[in-house]
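The next block holds one structure in the form of structure tokens; read it before the comments.
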Amino acid sequence: MVRLKPDATKKVRLKPGTTTMVWAVAMTLASAQTPPADPLVRENATVKLSGHVYEIPDFNVGLVPNVGIVVGQRATLVVDTGLGRRNGEIIVREMNKVSRNADVYVVSTHFHPEHAGGEAGFPNGTLLIRNLVQQREMELHGKEMIDLFAGRSAQFKELLSDAAPRIPDITFDQEASLDLGGVKARLLWFGGAHTKGDQLVFVEPDRTLVSGDVVQNKIVPGIFRDGGTPSSWLAVLDKVAALNAQHVLPDHSAPGDGSLVILEKQFIGDLRSKALELKKQGVAVDDAGKRLEAEFKTKYPDWPAMNVSGFVRSIYAE
Ligand SMILES: [Zn+2]
Ligand SMILES: [Zn+2]
């Protein structure tokens, strides 16, 4: 475990000149998918979630994630940077409305561009922290993901035109503890779930969990490519449950209380055992997806969408 204080962290910074890496974005014109009308972080929407934690909410459950801002007496931590520089700049403006701290840290819940693509919008001196697994994913697939997103529409392409993810100033293995002054942010890597490098933030004494895609509010989970596995996701959730969170701020759904963790575990466990049963009976994976979609629509009637086929495929494949 790494313990960091704002003053101490400066000593482990890499040389400033070496930290910026500009990624060329391929000019892909194809656009099959219709993007949200306005893929921008909301201005003047920031609300307080708990004693030290603010949220810039995304009510569209779209590509703009909820952004978390943790404010201490000495330093501030921002969780997620938005899709490209312009979104990063909006987040900085929102941060400045709730914090006057000069020391700013930034982390991303995972390496996908709507969560990590706005790093260039943050002022010089912002300290970027990533767990090593997430950093490895960023090195392997970060540019590929920016190209993929930029190909979705002209607007995304423009937003990501100078996307410049930085080499982190600080990396850690499983846990780093940030003393922000009167409030502690524990940065946690518990294993693979939505991606391999999903990073959780647990704020004490608020008991607020910024949960990324790992715990959502009535959103069917999705494993991106070779991210985690259904069982590694469940193992992560066991560790998350032990934190005993009181408030949960997910990526793309409304915040809630600690019961969201229990619900996520229950849903994945339930889907997994049902899918494994069908696999055992020799039911084809696509049929299993369709059957379970119908079954779970009835079982979890208040979930807005029940697109379980992707996760069922992940269960079959494990
Ligand atoms: Zn996302
Ligand atoms: Zn994602």
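Here, A, B, ... name the chains of the structure tokens in the order displayed, residue numbers run from 1 inside each chain, and ligands are numbered from 1 in the same displayed order.
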Query raised in the report: Can you list, as a list in words, every protein, DNA or RNA residue that comes within 6 Å of Thr208 (chain A) when you count only C-alpha atoms, leaving out same-chain residues fewer than 4 positions away?
Result: Phe202, Val203, Ala245, Gln246, His247 and Val248 of chain A
Those same residues - C-alpha atoms - I'd like them written as a PDB file, in the first residue's frame.
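Final output, selection00.pdb:
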ATOM      1  CA  PHE A 202     -13.574   5.024  -1.083  1.00  0.00           C
ATOM      2  CA  VAL A 203     -13.839   8.273   0.846  1.00  0.00           C
ATOM      3  CA  ALA A 245     -20.278   2.020   1.887  1.00  0.00           C
ATOM      4  CA  GLN A 246     -23.060   4.358   2.883  1.00  0.00           C
ATOM      5  CA  HIS A 247     -23.216   6.333  -0.384  1.00  0.00           C
ATOM      6  CA  VAL A 248     -22.469   4.976  -3.843  1.00  0.00           C
TER       7      VAL A 248
END
If you count only C-alpha atoms, which residues fall within 9 Å of Pro123 (chain A), apart from same-chain ones fewer than 5 positions away, as an mmCIF file with N, CA and C atoms, in the first residue's frame?
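Now in result10.cif:
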data_model
loop_
_atom_site.group_PDB
_atom_site.id
_atom_site.type_symbol
_atom_site.label_atom_id
_atom_site.label_comp_id
_atom_site.auth_asym_id
_atom_site.auth_seq_id
_atom_site.Cartn_x
_atom_site.Cartn_y
_atom_site.Cartn_z
ATOM 1 N N GLU A 89 -12.034 20.679 -19.204
ATOM 2 C CA GLU A 89 -12.069 22.090 -18.782
ATOM 3 C C GLU A 89 -13.361 22.421 -18.040
ATOM 4 N N VAL A 92 -13.001 21.146 -14.573
ATOM 5 C CA VAL A 92 -12.139 22.035 -13.767
ATOM 6 C C VAL A 92 -12.941 23.257 -13.296
ATOM 7 N N VAL A 104 -4.271 19.444 -6.712
ATOM 8 C CA VAL A 104 -5.348 18.686 -7.352
ATOM 9 C C VAL A 104 -4.819 17.338 -7.842
#
Query raised in the report: When the cut-off is 9 Å and you count only C-alpha atoms and all ligand atoms, which residues lie near ligand 1, shown as a list in words?
Result: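 Written in the requested form, the residues are Gly62, Leu63, Val64, Pro65, Thr109, His110, His112, Pro113, Glu114, His115, Gly212, Asp213, Asp251 and His252 of chain A.
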**Report entry** Close residues, Gly68 (chain A) itself excluded, 6 Å, only C-alpha atoms, min 6 positions apart in chain, as an MDAnalysis selection string
**Finding:** chainID A and resid 54:55 78:79
Those residues with N, CA and C atoms, as an mmCIF file, in the first residue's frame please?
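The result, written out as again.cif:
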data_model
loop_
_atom_site.group_PDB
_atom_site.id
_atom_site.type_symbol
_atom_site.label_atom_id
_atom_site.label_comp_id
_atom_site.auth_asym_id
_atom_site.auth_seq_id
_atom_site.Cartn_x
_atom_site.Cartn_y
_atom_site.Cartn_z
ATOM 1 N N TYR A 54 -18.646 15.790 -3.957
ATOM 2 C CA TYR A 54 -19.595 16.434 -4.873
ATOM 3 C C TYR A 54 -19.714 15.578 -6.129
ATOM 4 N N GLU A 55 -20.824 15.790 -6.812
ATOM 5 C CA GLU A 55 -21.077 15.019 -8.037
ATOM 6 C C GLU A 55 -21.516 15.966 -9.148
ATOM 7 N N VAL A 78 -10.301 14.637 -8.221
ATOM 8 C CA VAL A 78 -11.365 14.522 -9.213
ATOM 9 C C VAL A 78 -11.348 13.104 -9.770
ATOM 10 N N VAL A 79 -12.527 12.499 -9.838
ATOM 11 C CA VAL A 79 -12.642 11.142 -10.369
ATOM 12 C C VAL A 79 -13.357 11.206 -11.714
#
Requested in this report: Find the residues around region 276-278 of chain A up to 9 Å (only C-alpha atoms counted), leave out those fewer than 3 positions away in its own chain, and share them as a PyMOL selection string.
Outcome: chain A and resi 271-273+281-285+288+312+315-316
Take the selection from the previous step and output its residues with N, CA, C and O atoms, as a compact mmCIF listing (two decimals), in the first residue's frame.
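Final file, part-v9.txt:
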# COMPACT_ATOMS: atom_id res chain seq x y z
N LEU A 271 -27.74 -14.07 -12.37
CA LEU A 271 -27.60 -14.27 -13.82
C LEU A 271 -26.60 -15.39 -14.11
O LEU A 271 -26.79 -16.21 -14.99
N ARG A 272 -25.54 -15.40 -13.33
CA ARG A 272 -24.49 -16.40 -13.54
C ARG A 272 -25.01 -17.81 -13.29
O ARG A 272 -24.81 -18.71 -14.11
N SER A 273 -25.71 -18.01 -12.18
CA SER A 273 -26.17 -19.38 -11.90
C SER A 273 -27.24 -19.82 -12.90
O SER A 273 -27.24 -20.97 -13.34
N GLN A 281 -27.44 -27.60 -19.65
CA GLN A 281 -28.50 -28.28 -20.40
C GLN A 281 -28.22 -28.28 -21.91
O GLN A 281 -29.02 -28.81 -22.69
N GLY A 282 -27.16 -27.64 -22.32
CA GLY A 282 -26.81 -27.62 -23.74
C GLY A 282 -27.50 -26.53 -24.54
O GLY A 282 -27.52 -26.57 -25.77
N VAL A 283 -28.11 -25.56 -23.86
CA VAL A 283 -28.79 -24.46 -24.57
C VAL A 283 -27.73 -23.56 -25.21
O VAL A 283 -26.74 -23.20 -24.57
N ALA A 284 -27.95 -23.20 -26.47
CA ALA A 284 -27.00 -22.33 -27.19
C ALA A 284 -26.96 -20.95 -26.52
O ALA A 284 -27.96 -20.49 -25.97
N VAL A 285 -25.81 -20.32 -26.63
CA VAL A 285 -25.59 -19.07 -25.88
C VAL A 285 -26.58 -17.97 -26.28
O VAL A 285 -27.08 -17.23 -25.42
N ALA A 288 -29.91 -18.73 -24.75
CA ALA A 288 -29.84 -18.47 -23.31
C ALA A 288 -30.00 -16.97 -23.04
O ALA A 288 -30.73 -16.57 -22.13
N VAL A 312 -24.26 -12.78 -20.57
CA VAL A 312 -24.48 -14.24 -20.64
C VAL A 312 -23.35 -14.88 -21.47
O VAL A 312 -22.82 -15.94 -21.12
N ILE A 315 -20.41 -15.23 -19.35
CA ILE A 315 -20.56 -16.34 -18.40
C ILE A 315 -20.26 -17.68 -19.10
O ILE A 315 -19.55 -18.52 -18.59
N TYR A 316 -20.84 -17.83 -20.30
CA TYR A 316 -20.60 -19.06 -21.07
C TYR A 316 -19.10 -19.23 -21.38
O TYR A 316 -18.58 -20.35 -21.40
Query raised in the report: Using the chain letters and numbers from this document, which residues of region 103-137 of chain A does DSSP assign to strand (DSSP E or B), as a VMD selection string?
Result: chain A and resid 103 to 107 127 to 131
Emit the selected residues as an mmCIF file, in the first residue's frame, including N, CA and C atoms.
data_model
loop_
_atom_site.group_PDB
_atom_site.id
_atom_site.type_symbol
_atom_site.label_atom_id
_atom_site.label_comp_id
_atom_site.auth_asym_id
_atom_site.auth_seq_id
_atom_site.Cartn_x
_atom_site.Cartn_y
_atom_site.Cartn_z
ATOM 1 N N ASP A 103 -3.673 22.127 -4.718
ATOM 2 C CA ASP A 103 -3.245 20.754 -4.965
ATOM 3 C C ASP A 103 -4.422 19.936 -5.504
ATOM 4 N N VAL A 104 -4.271 19.444 -6.712
ATOM 5 C CA VAL A 104 -5.348 18.686 -7.352
ATOM 6 C C VAL A 104 -4.819 17.338 -7.842
ATOM 7 N N TYR A 105 -5.554 16.300 -7.516
ATOM 8 C CA TYR A 105 -5.264 14.953 -8.013
ATOM 9 C C TYR A 105 -6.371 14.532 -8.965
ATOM 10 N N VAL A 106 -6.019 13.683 -9.909
ATOM 11 C CA VAL A 106 -7.012 13.164 -10.844
ATOM 12 C C VAL A 106 -6.842 11.655 -10.995
ATOM 13 N N VAL A 107 -7.962 10.934 -10.976
ATOM 14 C CA VAL A 107 -7.951 9.500 -11.295
ATOM 15 C C VAL A 107 -9.103 9.203 -12.254
ATOM 16 N N LEU A 127 -1.860 16.310 -10.413
ATOM 17 C CA LEU A 127 -1.167 15.025 -10.307
ATOM 18 C C LEU A 127 -2.098 13.896 -10.726
ATOM 19 N N LEU A 128 -1.693 13.189 -11.766
ATOM 20 C CA LEU A 128 -2.486 12.081 -12.289
ATOM 21 C C LEU A 128 -2.019 10.770 -11.647
ATOM 22 N N ILE A 129 -2.970 10.031 -11.110
ATOM 23 C CA ILE A 129 -2.656 8.760 -10.448
ATOM 24 C C ILE A 129 -3.392 7.629 -11.152
ATOM 25 N N ARG A 130 -2.694 6.533 -11.397
ATOM 26 C CA ARG A 130 -3.364 5.356 -11.975
ATOM 27 C C ARG A 130 -2.823 4.089 -11.342
ATOM 28 N N ASN A 131 -3.704 3.111 -11.192
ATOM 29 C CA ASN A 131 -3.185 1.805 -10.779
ATOM 30 C C ASN A 131 -2.450 1.184 -11.972
#
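Residues within 12 Å of Gln73 (chain A), counting only C-alpha atoms and excluding same-chain residues fewer than 6 positions away, are Pro6, His52, Val98, Ser99, Arg100, Asn101, Ala102, Asp103, Val104, Asp179, Leu180, Gly181, Gly182, Val183 and Lys184 of chain A.
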Requested in this report: Report as a ChimeraX atom specification: the residues of region 102-155 of chain A with a DSSP assignment of helix (DSSP H, G or I), based on the backbone of this structure.
Outcome: /A:113-116,119-121,132-150,154-155
For the selection you just gave me, I'd like the residues written to a file as a tab-separated table (two decimals), in the first residue's frame, keeping N, CA, C and O atoms.
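Printed below is again.tsv as written:
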chain	number	residue	atom	x	y	z
A	113	PRO	N	-12.33	6.41	-23.04
A	113	PRO	CA	-12.13	7.85	-23.30
A	113	PRO	C	-13.11	8.80	-22.60
A	113	PRO	O	-12.75	9.93	-22.34
A	114	GLU	N	-14.35	8.37	-22.32
A	114	GLU	CA	-15.26	9.31	-21.67
A	114	GLU	C	-14.93	9.44	-20.18
A	114	GLU	O	-15.46	10.30	-19.48
A	115	HIS	N	-14.02	8.60	-19.70
A	115	HIS	CA	-13.60	8.66	-18.30
A	115	HIS	C	-12.18	9.21	-18.15
A	115	HIS	O	-11.86	9.81	-17.12
A	116	ALA	N	-11.36	8.98	-19.14
A	116	ALA	CA	-9.94	9.36	-19.03
A	116	ALA	C	-9.47	10.29	-20.14
A	116	ALA	O	-8.32	10.69	-20.16
A	119	GLU	N	-8.01	14.53	-19.67
A	119	GLU	CA	-6.86	14.87	-18.80
A	119	GLU	C	-6.18	16.17	-19.24
A	119	GLU	O	-5.69	16.94	-18.41
A	120	ALA	N	-6.18	16.43	-20.56
A	120	ALA	CA	-5.51	17.62	-21.08
A	120	ALA	C	-6.20	18.91	-20.64
A	120	ALA	O	-5.63	19.99	-20.71
A	121	GLY	N	-7.45	18.82	-20.18
A	121	GLY	CA	-8.17	20.01	-19.73
A	121	GLY	C	-7.81	20.47	-18.34
A	121	GLY	O	-8.25	21.53	-17.89
A	132	LEU	N	-1.53	0.29	-11.68
A	132	LEU	CA	-0.64	-0.23	-12.72
A	132	LEU	C	-1.38	-1.02	-13.79
A	132	LEU	O	-1.01	-0.98	-14.97
A	133	VAL	N	-2.44	-1.71	-13.40
A	133	VAL	CA	-3.18	-2.51	-14.37
A	133	VAL	C	-3.90	-1.58	-15.35
A	133	VAL	O	-3.89	-1.81	-16.57
A	134	GLN	N	-4.50	-0.52	-14.82
A	134	GLN	CA	-5.17	0.45	-15.69
A	134	GLN	C	-4.16	1.13	-16.63
A	134	GLN	O	-4.45	1.36	-17.80
A	135	GLN	N	-3.00	1.44	-16.10
A	135	GLN	CA	-1.97	2.08	-16.92
A	135	GLN	C	-1.54	1.16	-18.06
A	135	GLN	O	-1.36	1.58	-19.20
A	136	ARG	N	-1.42	-0.12	-17.77
A	136	ARG	CA	-1.05	-1.11	-18.79
A	136	ARG	C	-2.13	-1.15	-19.88
A	136	ARG	O	-1.82	-1.17	-21.07
A	137	GLU	N	-3.39	-1.14	-19.47
A	137	GLU	CA	-4.49	-1.14	-20.44
A	137	GLU	C	-4.45	0.12	-21.30
A	137	GLU	O	-4.69	0.07	-22.50
A	138	MET	N	-4.16	1.24	-20.65
A	138	MET	CA	-4.07	2.51	-21.37
A	138	MET	C	-2.98	2.44	-22.43
A	138	MET	O	-3.16	2.87	-23.56
A	139	GLU	N	-1.84	1.88	-22.06
A	139	GLU	CA	-0.73	1.78	-23.01
A	139	GLU	C	-1.08	0.84	-24.16
A	139	GLU	O	-0.76	1.11	-25.32
A	140	LEU	N	-1.75	-0.26	-23.85
A	140	LEU	CA	-2.07	-1.25	-24.87
A	140	LEU	C	-3.23	-0.81	-25.77
A	140	LEU	O	-3.20	-1.01	-26.98
A	141	HIS	N	-4.28	-0.23	-25.17
A	141	HIS	CA	-5.52	-0.01	-25.93
A	141	HIS	C	-6.07	1.42	-25.87
A	141	HIS	O	-7.14	1.67	-26.42
A	142	GLY	N	-5.37	2.32	-25.19
A	142	GLY	CA	-5.89	3.69	-25.05
A	142	GLY	C	-6.12	4.39	-26.37
A	142	GLY	O	-7.20	4.93	-26.63
A	143	LYS	N	-5.13	4.34	-27.24
A	143	LYS	CA	-5.24	5.03	-28.52
A	143	LYS	C	-6.33	4.39	-29.38
A	143	LYS	O	-7.10	5.08	-30.03
A	144	GLU	N	-6.35	3.07	-29.34
A	144	GLU	CA	-7.36	2.32	-30.10
A	144	GLU	C	-8.77	2.75	-29.67
A	144	GLU	O	-9.67	2.91	-30.50
A	145	MET	N	-8.98	2.95	-28.37
A	145	MET	CA	-10.30	3.36	-27.87
A	145	MET	C	-10.64	4.78	-28.28
A	145	MET	O	-11.79	5.09	-28.60
A	146	ILE	N	-9.64	5.67	-28.27
A	146	ILE	CA	-9.88	7.05	-28.71
A	146	ILE	C	-10.29	7.04	-30.19
A	146	ILE	O	-11.25	7.70	-30.59
A	147	ASP	N	-9.60	6.25	-31.00
A	147	ASP	CA	-9.94	6.14	-32.43
A	147	ASP	C	-11.36	5.60	-32.60
A	147	ASP	O	-12.12	6.09	-33.43
A	148	LEU	N	-11.70	4.60	-31.79
A	148	LEU	CA	-13.02	4.00	-31.87
A	148	LEU	C	-14.10	5.04	-31.56
A	148	LEU	O	-15.08	5.18	-32.30
A	149	PHE	N	-13.91	5.77	-30.48
A	149	PHE	CA	-14.89	6.79	-30.09
A	149	PHE	C	-14.93	7.94	-31.10
A	149	PHE	O	-16.00	8.43	-31.44
A	150	ALA	N	-13.76	8.35	-31.58
A	150	ALA	CA	-13.70	9.46	-32.53
A	150	ALA	C	-14.42	9.10	-33.82
A	150	ALA	O	-14.94	9.97	-34.52
A	154	ALA	N	-18.90	13.15	-35.94
A	154	ALA	CA	-18.04	14.32	-36.16
A	154	ALA	C	-17.80	15.05	-34.84
A	154	ALA	O	-16.72	15.59	-34.59
A	155	GLN	N	-18.84	15.05	-34.01
A	155	GLN	CA	-18.75	15.75	-32.72
A	155	GLN	C	-17.73	15.08	-31.79
A	155	GLN	O	-16.92	15.74	-31.16
Report task. Go through A:Ala193, A:Val308, A:Leu178, A:Val201 and flag the residue nearest ligand 2, using only C-alpha atoms and all ligand atoms for the distances. Result ->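 Among A:Ala193, A:Val308, A:Leu178, A:Val201, it is A:Ala193 that comes nearest to ligand 2.
Of note, CA of Asp80 (chain A) and CA of Gln199 (chain A) are spaced 10.5 Å apart.
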Query - Nearest to Ala275 (chain A), chosen from A:Arg291, A:Lys218, A:Arg86, A:Lys48, with only C-alpha atoms counted in the distances - result: A:Arg291
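The residue that comes closest to Pro221 (chain A), out of A:Gln174, A:Thr81, A:Ser253, A:Ser50 and on the basis of only C-alpha atoms, is A:Ser253.
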Query raised in the report: Can you tell me, as a VMD selection string, what residues are no more than 12 Å from region 293-296 of chain A when counting only C-alpha atoms, ignoring any on the same chain fewer than 6 positions away?
Result: chain A and resid 218 220 267 to 268 270 to 271 274 to 275 286 to 287 302 to 312
Report task. Return the single residue from A:Gly256, A:Gly227, A:Pro165, A:Pro57 that is closest to ligand 2, with distances computed using only C-alpha atoms and all ligand atoms. Result ->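 Checking each of A:Gly256, A:Gly227, A:Pro165, A:Pro57 against ligand 2, counting only C-alpha atoms and all ligand atoms, the winner is A:Gly227.
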Query raised in the report: Closest to Ala185 (chain A) among A:Glu204, A:Asp38, A:Asp169, A:Glu318, using only C-alpha atoms?
Result: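 Checking each candidate against Ala185 (chain A), we get A:Glu204 as the closest.
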Requested in this report: Using CA of Trp233 (chain A) and CA of His194 (chain A) as the two end points, give the distance in Å to one decimal.
Outcome: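 Here the two named atoms are 7.8 Å from each other.
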Query raised in the report: Between A:Thr229, A:Ile262, A:Asn96, A:Val53, which has the minimum distance to Leu209 (chain A) (counting only C-alpha atoms)?
Result: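 Closest to Leu209 (chain A) of all the choices is A:Val53.
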With only C-alpha atoms as the counted atoms, please give the residues lying no more than 10 Å from Leu159 (chain A), apart from itself and same-chain residues fewer than 5 positions off, as a tab-separated table (two decimals) with N, CA and C atoms, in the first residue's frame.
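Just written: result_36.tsv:
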chain	number	residue	atom	x	y	z
A	39	PRO	N	-22.66	15.65	-26.02
A	39	PRO	CA	-21.84	14.79	-25.15
A	39	PRO	C	-20.94	15.60	-24.23
A	40	LEU	N	-21.50	16.59	-23.59
A	40	LEU	CA	-20.71	17.46	-22.73
A	40	LEU	C	-21.12	17.33	-21.27
A	82	GLY	N	-13.81	13.10	-18.36
A	82	GLY	CA	-14.68	13.43	-19.49
A	82	GLY	C	-14.04	13.15	-20.85
A	83	LEU	N	-14.88	13.29	-21.88
A	83	LEU	CA	-14.50	12.95	-23.25
A	83	LEU	C	-13.76	14.12	-23.92
A	84	GLY	N	-12.46	14.15	-23.76
A	84	GLY	CA	-11.66	15.18	-24.42
A	84	GLY	C	-11.45	16.44	-23.57
A	85	ARG	N	-10.53	17.29	-24.09
A	85	ARG	CA	-10.08	18.48	-23.36
A	85	ARG	C	-11.23	19.39	-22.92
A	86	ARG	N	-12.19	19.65	-23.84
A	86	ARG	CA	-13.27	20.58	-23.50
A	86	ARG	C	-14.06	20.10	-22.28
A	87	ASN	N	-14.31	18.81	-22.23
A	87	ASN	CA	-15.01	18.27	-21.06
A	87	ASN	C	-14.15	18.38	-19.80
A	117	GLY	N	-10.37	10.66	-21.06
A	117	GLY	CA	-9.96	11.42	-22.24
A	117	GLY	C	-9.82	12.92	-22.04
A	118	GLY	N	-10.19	13.43	-20.86
A	118	GLY	CA	-10.17	14.88	-20.65
A	118	GLY	C	-9.00	15.37	-19.82
A	149	PHE	N	-13.91	5.77	-30.48
A	149	PHE	CA	-14.89	6.79	-30.09
A	149	PHE	C	-14.93	7.94	-31.10
A	150	ALA	N	-13.76	8.35	-31.58
A	150	ALA	CA	-13.70	9.46	-32.53
A	150	ALA	C	-14.42	9.10	-33.82
A	153	SER	N	-18.84	9.87	-34.40
A	153	SER	CA	-19.51	11.04	-34.97
A	153	SER	C	-18.50	12.16	-35.15
A	154	ALA	N	-18.90	13.15	-35.94
A	154	ALA	CA	-18.04	14.32	-36.16
A	154	ALA	C	-17.80	15.05	-34.84
